[in-house]
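Report on one structure; see the data block that follows.
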Amino acid sequence: MDVIICSDQDQAGARTAAKVAQVARQVGPRVVIGVATGSSPLQAYSALAGLIAAGRLDLGQASAFALDEYVGLPWGHPQSYHEAIRQTVTEPLGLDPTRVQVPNGFAPDLAQAARDYEHAIVDAGGVDIQILGVGSNGHIGFNEPTSSLSSRTRIKTLTEQTRIDNQRFFGGLEEVPRHCLTQGLGTIMDARHVVLVATGGHKARAVKAIVEGPITAMWPGSVLQLHRQATIVVDEAAAADLELAAYYRKMYDNLPDWQRLPLA
Ligand code: GLP
């Protein structure tokens with residue numbers, strides 16, 4: 001696991017974008033990017049849009065797969081992740097909308113929709129780089145605590161904590177769906193690279209558990225300790241509880257040139 005401690009949210013966004021751009025350049029124009037919703041990756045998406053505007057990156061032929069979607073929100077619902085991905089990823093990054101997929105939480109047969117989603121990822125050749133945020137309870141995607149560490153895309157029940165955390169996007173807690181379709185932890189682990197970005201003091205406990213705690217389904221993101229190419233990008237506030245912070249800083253400052261992220 002590479003842990004990169006940044007001075008603030010903007011630097012975390014720039015370094016997350018730099019990691020995505022590095023993999024995209026290595027893979028080529030048909031790169032497959034796993035994209036996340038939530039506020040955490042927004043600075044990274046802005047930084048990627050900046051690289052594209054400057055002619056330093058082109059994602060026009062890339063494909064993207066979102067992590068998750070609420071169950072029961074119709075197409076075009078402003079709080080649906082379909083809509084969030086369209087507004088924060090597809091349009092600003094100039095992706096071809098026909099190559100951007102989000103699980104179908106409005107499908108009449110959700111179990112089939114989940115299986116179809118797994119097949120679509122495989123048919124695209126698998127995810128080259130997965131962008132992740134993390135919930136305050138350590139969830140990645142919508143894999144809530146006690147999710148199987150080898151789970152695949154499926155229906156999950158949201159915890160009350162997640163519904164409370166996400167009610168700010170809705171009219172109130174009652175309007176927040178109770179279920180979702182989410183890629184499983186096993187699905188996420190199949191991505192060739194993962195980059196998780198977390199900022200703010202409210203994420204410090206989850207970051208500590210994911211990076212330095214035991215691998216446990218109680219902190220689902222801790223499964224990333226088993227991933228061979230995982231990068232964790234945090235700001236000072238989210239890094240506050242890390243025991244080995246000085247070591248991570250020293251490691252990053254002394255990376256040989258070939259391992260450095262290109263400056264975004
Ligand atoms: C949601 C999403 C996750 C996201 C998390 C954190 O529940 N399903 O993919 O990482 O919340 O959100 P935020 O980045 O807004 O803190």
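Lettering and numbering for the structure tokens are positional, with chains as A, B, ... in the shown order, residues counted from 1 in each chain, and ligands counted from 1 in the shown order.
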Backbone DSSP call of alpha helix (DSSP H) for region 24-254 of chain A, listed as a PyMOL selection string
chain A and resi 24-27+42-53+81-85+110-123+160-166+185-189+204-212+245-253
Ligand 1: which residues are within 9 Å, counting only C-alpha atoms and all ligand atoms, as number ranges by chain?
A: 35-42, 66-70, 81, 132-136, 138-143, 158, 162-163, 165-166, 180, 182, 196-200, 202-203
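The smallest atom-to-atom distance between Pro177 (chain A) and any of A:Gly105, A:Gly34, A:Gly76, A:Pro145, using only C-alpha atoms, is found for A:Gly105.
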Just how far from CA of Arg152 (chain A) is CA of Pro74 (chain A), in Å to one decimal?
23.4 Å
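CA of Tyr45 (chain A) is positioned 7.1 Å from CA of Thr88 (chain A).
Across the structure, CA of Arg260 (chain A) and CA of Gly50 (chain A) are spaced 19.9 Å apart.
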Could you pull the residues within 12 Å of Leu244 (chain A), counting only C-alpha atoms, minus those fewer than 4 positions along the same chain, as a ChimeraX atom specification?
/A:3-5,208,211-213,239-240,248-251
